[in-house]
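These notes concern the structure reproduced below.
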Amino acid sequence: MNAYDTVPGPSGLTPPGVAVLMIDEQDVVTGWSPGARQLLGYDAEDVVGRLIGDLASGAPSPFRTLPMKQHNWAGDMQVRHHDGRILRLSVLGCRMAGHDGRPAWLLAASLLGQFPPLQDEDALRPRALERLKLLNDASTRIGSTLDVMRTAQELAEVAVPSLADWVNVDLVDTLLRGDEPGPFTGSVALRRVANQSIHEGAPEALRQTGEVDVYPAHSPAVRCMAAGRSVMGRVSDPATGAWLADDPARAASFRTHGFQSIMGVPVQARGMILGVTIFLRRTPQPFTDEDRLLAEELVARAAVCLDNARRFARERTAVLTLQRTLLPKRHPAQAAVETASRYLPASGESGLGGDWFDVIPLSGARVALVVGDVVGHGIGAAATMGQLRTAMRTLADIDLPPDELLTHLDDLVTHRAAEEDDARTDGADLGATCTYAVYDPVSRKCLMARAGHPPPALVTPDGTVELLELAAGPPLGVGNLPFECAELVVPEGSLLVFYTDGLLDLRHRPVNEGLELLQSALARRALSPELMCDSVIESLLPERPFDDVALLIARTRALNADQVAVLDVPADPAMVAFARSWASGQLDAWALGDQSFVTELVVSELVTNAIRYAHTPIQLRLIWERTLICEVSDASNSAPHMRRARLSDEGGRGLLLVAQLTQRWGTRQTRDGKTIWCEQFLPQEASAR
């Protein structure tokens, strides 16, 4: 029986390139596979019976270092090949019984890296240890974040000054913009993502980080990328000299800094060339094969991290684009409030969330103010945000009270969770928190309800800051729990402040501290909501917030008494003519006589319908602001529907007439009945504000 017959060989159990050996509890080699011979160059007869330490520098001694109950072991060892090369192996060990029944270790080793043979044993140890230290340093320092620039800079910092005097990392510009790189047959645009010099800050860089440079096909960078392997040589070589001759500025920089050797290593991950890393030396000693192997291993480790960072950046850009597309581009002009808003995307590696805000004009010169935060991060959260925002605008358009609107949204989230394929998903996993408020500039009343969201703040004109004590309510998606609506009278010129929890920076401070800082920031006098937004963001948030932040601030306005006219209408058909006359007189008082014809027709139709089909009390109201609003309220809950009348029908054309003569019309339910309203656009010179 051969000495290695007891160890699985490459045929069958052992993958190619894997060495399998067995050692006993005295660290003596008792088994040696054919794969071990192929990898290390030693025959079994030369190894079996010898100590593993005769082959390995710093070889493992698992029997002496591990508890007897431990049955698995993993580590690295450095082994001298038969031809003198130094191999760095990754080793997995498993405790088992040997031939004689005594404990033994079965070790499987695969190649991590190799270095050329050194001249003598004394030179081997310090240089090998230095390189192993550098590789270990790289494994802990490179890839600490999912930021492309930071990862590339970490690679450059590890390599200087241990391997080179200057390192720069350039990535393919089209790749960073989301396109796939093509064949490198001509000039290539590369974006500088890292510079590192033996001089702090790399002040002498020809290209600063973020700048794009075009490299010709015969440059070392493009030759390296096109071949997919490293290139190295002297600066004085003909190929490098021809490249520098075509670029006088770069040639002057090389002469100024005295660069004598150059090495290019492709940044390659998952079969794709991402860019190139250039190493430069000032010393006469050129780069060696040993340096090349070390640089390739450093770059290979960084390449995977760079590709992960690139993919994360691409997904983040897609989510941010979707997020900004779904958020309102600008706030609509309306008379109720003056608004300002901010959306700050998260800079952390958790990804972008689904924070949103909205300003929704409602009938009767009112306005709805919304801020919300979707559970989770990424494209899914952004898509959920878009669905909730669309649903909220639809529900707001039919003028539901805040508590009823949140109830409908809660049902929507619960139903969406039921449609998910994953049975473990419930509404809370897909849910959100939000605050919904409706402000009326005629009565100065504000109705609010919130669903698990941080409390809004009120800043009165005298500078008093108050966190509004609204019933918190459950987050959307919990289901079967009620929402409560609060009503308050807001002084004209007050600030209503709505925000998401990212503004409180809860990762670094408790909730109470965040709320106190918010109150302090709001207590500072600001000239406008825009300036107040800037002040709050600057006071509460770091430069790179960890979580998404949505902030909406609205300064309330109130309509003057002479901008609203009200007429109580008895249920008498004879009052229709009086209502028309009253409306015409009111328009004359507002200098809107040009609108009298349409307004009289609208008043006649709406008041006639209310007297004929509804119940008292009936009220006619005219509001003059940016538009002319006509409202007729009654005590009936039945809502009219517009239909197309047949030629033989005597009625049914009233609402169609109203819809044709005005720009907007609708119906909203109230506590005491309903209101039918319509709006007429006014010329700019005729608007009240």
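Scheme for the structure tokens: letters A, B, ... for chains in order shown; per-chain residue numbers from 1; ligand numbers from 1 in order shown.
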
For this session: Fewer than 6 positions away in the same chain doesn't count, so skip those; otherwise give me all residues within 8 Å of Ala579 of chain A, counting only C-alpha atoms, as a ChimeraX atom specification.
Result: /A:567,569,603-604,607

Using the selection just defined, write its residues with N, CA and C atoms as a JSON list (two decimals), in the first residue's frame.
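What follows is the written file part_36.json:
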```json
[["chain", "number", "residue", "atom", "x", "y", "z"],
["A", 567, "LEU", "N", -74.95, 83.43, 1.64],
["A", 567, "LEU", "CA", -76.39, 83.70, 1.57],
["A", 567, "LEU", "C", -77.14, 82.43, 1.97],
["A", 569, "VAL", "N", -80.42, 80.36, 1.86],
["A", 569, "VAL", "CA", -81.48, 80.30, 0.85],
["A", 569, "VAL", "C", -82.65, 79.47, 1.38],
["A", 603, "VAL", "N", -75.17, 79.55, -10.45],
["A", 603, "VAL", "CA", -75.95, 79.72, -9.23],
["A", 603, "VAL", "C", -77.39, 79.24, -9.47],
["A", 604, "SER", "N", -77.94, 79.59, -10.60],
["A", 604, "SER", "CA", -79.32, 79.20, -10.90],
["A", 604, "SER", "C", -79.48, 77.68, -10.91],
["A", 607, "VAL", "N", -78.63, 76.15, -7.13],
["A", 607, "VAL", "CA", -79.66, 76.48, -6.14],
["A", 607, "VAL", "C", -80.98, 75.80, -6.49]]
```

Exercise. Neighbours of Pro456 of chain A within 9 Å (only C-alpha atoms; same-chain residues fewer than 4 positions away dropped), as a VMD selection string?
Worked result: chain A and resid 435 466 to 470 496 to 499

Problem set entry | d(atom CA of Arg95 of chain A, atom CA of Met22 of chain A) in Å |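 Here the two named atoms are 9.8 Å from each other.
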
For this session: Name the residues of segment 422-614 of chain A that come out as helix (DSSP H, G or I) in a backbone DSSP run; write them as an MDAnalysis selection string.
Result: chainID A and resid 501:504 511:522 529:540 561:563 575:589 593:613

Problem set entry | Neighbour list for Val598 of chain A as a PyMOL selection string, cut-off 9 Å, only C-alpha atoms, skip fewer than 5 positions in-chain | chain A and resi 603+658+661-662+680

Go ahead and dump the residues you just picked, N, CA and C atoms, as a PDB file, in the first residue's frame.
```pdb
ATOM      1  N   VAL A 603     -75.170  79.546 -10.455  1.00  0.00           N
ATOM      2  CA  VAL A 603     -75.955  79.718  -9.234  1.00  0.00           C
ATOM      3  C   VAL A 603     -77.389  79.241  -9.467  1.00  0.00           C
ATOM      4  N   VAL A 658     -72.975  73.095 -15.916  1.00  0.00           N
ATOM      5  CA  VAL A 658     -72.000  73.598 -14.941  1.00  0.00           C
ATOM      6  C   VAL A 658     -70.592  73.142 -15.303  1.00  0.00           C
ATOM      7  N   LEU A 661     -69.221  75.149 -18.298  1.00  0.00           N
ATOM      8  CA  LEU A 661     -68.997  76.582 -18.104  1.00  0.00           C
ATOM      9  C   LEU A 661     -67.866  76.886 -17.121  1.00  0.00           C
ATOM     10  N   THR A 662     -67.505  75.916 -16.252  1.00  0.00           N
ATOM     11  CA  THR A 662     -66.465  76.149 -15.247  1.00  0.00           C
ATOM     12  C   THR A 662     -65.276  75.230 -15.506  1.00  0.00           C
ATOM     13  N   GLN A 680     -64.138  78.930 -11.205  1.00  0.00           N
ATOM     14  CA  GLN A 680     -63.889  79.636 -12.456  1.00  0.00           C
ATOM     15  C   GLN A 680     -62.519  80.308 -12.366  1.00  0.00           C
TER      16      GLN A 680
END
```

Exercise. Quick one: residues within 8 Å of Val438 of chain A, only C-alpha atoms counted, chain neighbours fewer than 3 positions away excluded, as a list of chain:residue names?
Worked result: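 Within the cut-off, the hits are A:Arg366, A:Val367, A:Ala368, A:Leu369, A:Pro402, A:Cys446, A:Leu447, A:Met448.
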